[in-house]
Amino acid sequence: MTDLGSRTDDIHPVLAAVTERIIERSRTERTIYLDRIREAGNRGPARGRLACANLAHGFAASGKVDKAALRGMVKPNIAIVSSYNDMLSAHRPFEDFPKRLKAAVMEAGGIAQFAGGVPAMCDGITQGRDGMQLSLFSRDVIAMATAIGLSHDMFDGALMLGVCDKIVPGMLIGALSFGHLPTLFVPAGPMTSGLPNNEKSRVRQLYAEGKADRAELLDAEASSYHGVGTCTFFGTANSNQLLMEVMGLHLPGSSFVNPDTPLRDALTSEAGRVVTGLTALGDDYTPVGEVVDERAVVNGCVALLATGGSTNHTMHLVAIARAAGITLTWDDLDELSAVVPLLARIYPNGSADVNHFHAAGGLGYVVSSMLDAGLLHDDVKTVVGPGLHRYTEEPKLSDDGVEWQPGTRISLDTSVLRGPEDPFDINGGLKMLTGNLGTCVMKTSAVHQDHLVVSAPAKVFDDQLDFLAAFESGTLNCDFVAVLRYQGPRANGMPELHKLTPALGVLQDQGRQVALVTDGRMSGASGKVPAAIHLTPEAAVDGPLTRVRDGDIITVDAVSGSVNVQVDGRELAARAITGRTLGADEWVGTGRELFAGLRAAVGPATQGASVFHPQPA
């Protein structure tokens, strides 16, 4: 890989100010974190401190050559942690990765062991089902499972095989608890393009209107989600890949290479070779806890905003940062969003998918143009060496496997991807809203200008099925703001509410002024309907939503950044709390009762909705 040299362009003053504020705010916790991981790293291979019986257990199943190497402490041992399962398209490609990675690590002079697996659930399957109530908590379970896999103290580095929604953030949080270990994330890539996204949306809306039957709907969905790899829309899964690359934890240009291709295979092998050279037994020791610093976190925020990525990362980035001793806030994201231009139109923010985005210039072009604009930090550590400029390059097959060449300096399709000088919007794709209802997030990148401000009477629901029943009965044929409460992390695990989107979209297309206010999630599939989500404090901790009544005028204003109910403050405070009583028997079945402890301990969305760092709501 060529070294293009460090860029010296001036950093945007807001980027500099936000970064400095995060550094100062985090100084104490970050120092404690770095001291801890440096102490762990300075002690050499942890397996050297294992008692003989412990070490013998650690290599009992290894071959003769690996046993000798593990006893001798001279070869780095790389942990492989995987989210493989053969039901989910995004994870199916990982079946053969460990064998390929082990061979590459051995070729590079190391050893690799499969350290453990982590659970992987799919929000796309569990939408509207009880299982969705486990989704957000699965992130922290994955973090714990990752830590368990690394807990044997046998390893000098790690390879993380994860893709989708909660899996990559969970793996990274777990890896950061072993921050002294070099860690490289290995993507599987997106499935090839299927039914165009606009056509899929059209059929979904026809089904919501009763103009298409279930067979037609299933045919459209199956033509869209048709093979191995991640879903091709720009939801949380593909936002994860973008973040890992811009934060320096992927190989450059590797996020959106399709599975089962020669380049994908070559990149996977290269990942094994690269991480082997990053351990403390070599000359380029690069612990993951030092790669993920304040500048890398800000770079992740900027990349998310510039591409209109998943709103889930307003929580995940906060939780990831905290795992590295860094305090990131929604105010930081909001301030960055005001100066970061929107450079991409990827479904649901446009008609293109991530394959079109990649072909148009992809992440390499985004990084290059944003570095030129002073909107990304170049002075960061990455798994391929110092400098984010390395991520402007793109991988190509060579006789030796893979090599990196300069990426495109122009967009090859300006309907999908543009530079900061001619963006789709001068602001990022997310907006933070505050007011007398609390604090929340809106994904604005897909919302038309005419719908950025909605003021209408409230229609209050405590369950998404009640909303859908009202839609089916025809009682929602008016202007209104749907209030869907008791959907936060402490209420029912904060499920995604995608099933509301087609119905709300129908009403908006019929000329109704509609919006959604909820303490639940909509995620990367938030679309054309203004949705004020992740509202904090949530209803389950007696947030203001519990005092909203049908007919109250609510104004959702993504221009000024406010969300308010037009009720006098004293009157609102004096109202009795309404809504369903969350009894002990309500959260039972489909495994949900096993997560009751997490639901009781989880902190608010503004603090990452984490069970590791609960905060008073």
# chains A, B, ... in the order shown; residues from 1 in each chain; ligands from 1
>>> select_by_dssp(residues="segment 141-245 of chain A", states="strand (DSSP E)", output="VMD selection string")
chain A and resid 157 to 161 183 to 185
>>> residues_around(residues="segment 489-500 of chain A", least_positions_apart="5", cutoff="7 Å", atoms="only C-alpha atoms", output="ChimeraX atom specification")
/A:127-128,132-137,520-523,540,599-600,602,609
>>> closest_atom_pairs(of="segment 301-408 of chain A", to="segment 184-194 of chain A", cutoff="8 Å", atoms="only C-alpha atoms", output="Markdown table")
| residue | atom | partner | partner_atom | distance |
| --- | --- | --- | --- | --- |
| A:Asp353 | CA | A:Ser193 | CA | 7.4 |
| A:Val354 | CA | A:Pro190 | CA | 7.6 |
| A:Asn355 | CA | A:Ser193 | CA | 6.8 |
| A:Val383 | CA | A:Leu184 | CA | 6.8 |
>>> write_last_selection(atoms="C-alpha atoms", output="tab-separated table (two decimals), in the first residue's frame")
chain	number	residue	atom	x	y	z
A	353	ASP	CA	-28.26	0.97	-3.18
A	354	VAL	CA	-24.81	0.51	-1.65
A	355	ASN	CA	-23.53	-1.27	-4.76
A	383	VAL	CA	-4.87	-0.85	11.03
>>> closest_residue(among="A:Ile167, A:Ile346, A:Val611, A:Val384", to="Phe424 of chain A", atoms="only C-alpha atoms")
A:Ile346
>>> residues_around(residues="Val81 of chain A", least_positions_apart="2", cutoff="8 Å", atoms="only C-alpha atoms", output="NGL selection string")
:A and (79 or 83 or 114-118 or 146 or 149 or 158-161)
>>> select_by_dssp(residues="segment 231-338 of chain A", states="helix (DSSP H, G or I)", output="VMD selection string")
chain A and resid 236 to 246 262 to 276 288 to 291 294 to 307 313 to 323 330 to 337
>>> atom_distance(atom1="atom CA of Thr382 of chain A", atom2="atom CA of Tyr347 of chain A")
29.1 Å
>>> closest_residue(among="A:Arg322, A:Lys200, A:His534, A:His389", to="Met247 of chain A", atoms="only C-alpha atoms")
A:His389
>>> closest_residue(among="A:Leu507, A:Val274, A:Val298, A:Leu305", to="Thr329 of chain A", atoms="only C-alpha atoms")
A:Val298
>>> atom_distance(atom1="atom CA of Asp519 of chain A", atom2="atom CA of Ala596 of chain A")
18.7 Å
>>> residues_around(residues="Thr286 of chain A", least_positions_apart="5", cutoff="7 Å", atoms="only C-alpha atoms", output="PDB file with C-alpha atoms, in the first residue's frame")
ATOM      1  CA  PRO A 182      -4.768  -5.118  17.908  1.00  0.00           C
ATOM      2  CA  LEU A 278       0.169  -5.378  14.401  1.00  0.00           C
ATOM      3  CA  THR A 279       0.795  -7.369  17.573  1.00  0.00           C
TER       4      THR A 279
END
>>> atom_distance(atom1="atom CA of Thr606 of chain A", atom2="atom CA of Gly591 of chain A")
26.5 Å
>>> residues_around(residues="Arg100 of chain A", least_positions_apart="6", cutoff="10 Å", atoms="only C-alpha atoms", output="short mmCIF file (atom, residue, chain, number, x, y, z; two decimals) with C-alpha atoms, in the first residue's frame")
data_model
loop_
_atom_site.label_atom_id
_atom_site.label_comp_id
_atom_site.auth_asym_id
_atom_site.auth_seq_id
_atom_site.Cartn_x
_atom_site.Cartn_y
_atom_site.Cartn_z
CA ASP A 265 -11.45 -13.58 -0.82
CA ALA A 266 -8.19 -11.72 -1.32
CA THR A 268 -10.16 -11.59 3.74
CA SER A 269 -6.75 -13.24 3.47
CA GLU A 270 -5.03 -9.87 3.62
CA GLY A 272 -5.27 -12.11 8.46
#
>>> closest_residue(among="A:Thr261, A:Thr327, A:Gln566, A:Ser411", to="Asp293 of chain A", atoms="only C-alpha atoms")
A:Thr327
>>> closest_residue(among="A:Asp462, A:Asp372, A:Asp284, A:Asp123", to="Thr518 of chain A", atoms="only C-alpha atoms")
A:Asp462
>>> decode(residues="segment 26-39 of chain A", atoms="N, CA and C atoms", output="PDB file, in the first residue's frame")
ATOM      1  N   SER A  26     -13.476  14.274  28.116  1.00  0.00           N
ATOM      2  CA  SER A  26     -13.148  12.866  28.328  1.00  0.00           C
ATOM      3  C   SER A  26     -11.814  12.649  29.011  1.00  0.00           C
ATOM      4  N   ARG A  27     -11.110  13.725  29.337  1.00  0.00           N
ATOM      5  CA  ARG A  27      -9.706  13.604  29.735  1.00  0.00           C
ATOM      6  C   ARG A  27      -9.487  12.600  30.872  1.00  0.00           C
ATOM      7  N   THR A  28     -10.270  12.681  31.907  1.00  0.00           N
ATOM      8  CA  THR A  28     -10.045  11.806  33.061  1.00  0.00           C
ATOM      9  C   THR A  28     -10.308  10.347  32.716  1.00  0.00           C
ATOM     10  N   GLU A  29     -11.491  10.068  32.147  1.00  0.00           N
ATOM     11  CA  GLU A  29     -11.839   8.680  31.846  1.00  0.00           C
ATOM     12  C   GLU A  29     -10.944   8.096  30.755  1.00  0.00           C
ATOM     13  N   ARG A  30     -10.592   8.898  29.777  1.00  0.00           N
ATOM     14  CA  ARG A  30      -9.724   8.411  28.704  1.00  0.00           C
ATOM     15  C   ARG A  30      -8.335   8.090  29.244  1.00  0.00           C
ATOM     16  N   THR A  31      -7.831   8.909  30.141  1.00  0.00           N
ATOM     17  CA  THR A  31      -6.512   8.643  30.732  1.00  0.00           C
ATOM     18  C   THR A  31      -6.530   7.349  31.532  1.00  0.00           C
ATOM     19  N   ILE A  32      -7.572   7.139  32.304  1.00  0.00           N
ATOM     20  CA  ILE A  32      -7.696   5.891  33.069  1.00  0.00           C
ATOM     21  C   ILE A  32      -7.735   4.695  32.123  1.00  0.00           C
ATOM     22  N   TYR A  33      -8.506   4.823  31.045  1.00  0.00           N
ATOM     23  CA  TYR A  33      -8.623   3.732  30.077  1.00  0.00           C
ATOM     24  C   TYR A  33      -7.271   3.429  29.421  1.00  0.00           C
ATOM     25  N   LEU A  34      -6.588   4.452  28.940  1.00  0.00           N
ATOM     26  CA  LEU A  34      -5.300   4.237  28.276  1.00  0.00           C
ATOM     27  C   LEU A  34      -4.267   3.664  29.231  1.00  0.00           C
ATOM     28  N   ASP A  35      -4.239   4.132  30.459  1.00  0.00           N
ATOM     29  CA  ASP A  35      -3.301   3.570  31.435  1.00  0.00           C
ATOM     30  C   ASP A  35      -3.555   2.077  31.625  1.00  0.00           C
ATOM     31  N   ARG A  36      -4.827   1.708  31.663  1.00  0.00           N
ATOM     32  CA  ARG A  36      -5.166   0.301  31.879  1.00  0.00           C
ATOM     33  C   ARG A  36      -4.726  -0.584  30.715  1.00  0.00           C
ATOM     34  N   ILE A  37      -5.026  -0.147  29.485  1.00  0.00           N
ATOM     35  CA  ILE A  37      -4.681  -1.014  28.360  1.00  0.00           C
ATOM     36  C   ILE A  37      -3.174  -1.019  28.103  1.00  0.00           C
ATOM     37  N   ARG A  38      -2.498   0.092  28.401  1.00  0.00           N
ATOM     38  CA  ARG A  38      -1.046   0.111  28.209  1.00  0.00           C
ATOM     39  C   ARG A  38      -0.344  -0.783  29.225  1.00  0.00           C
ATOM     40  N   GLU A  39      -0.869  -0.821  30.426  1.00  0.00           N
ATOM     41  CA  GLU A  39      -0.303  -1.725  31.420  1.00  0.00           C
ATOM     42  C   GLU A  39      -0.470  -3.174  30.972  1.00  0.00           C
TER      43      GLU A  39
END
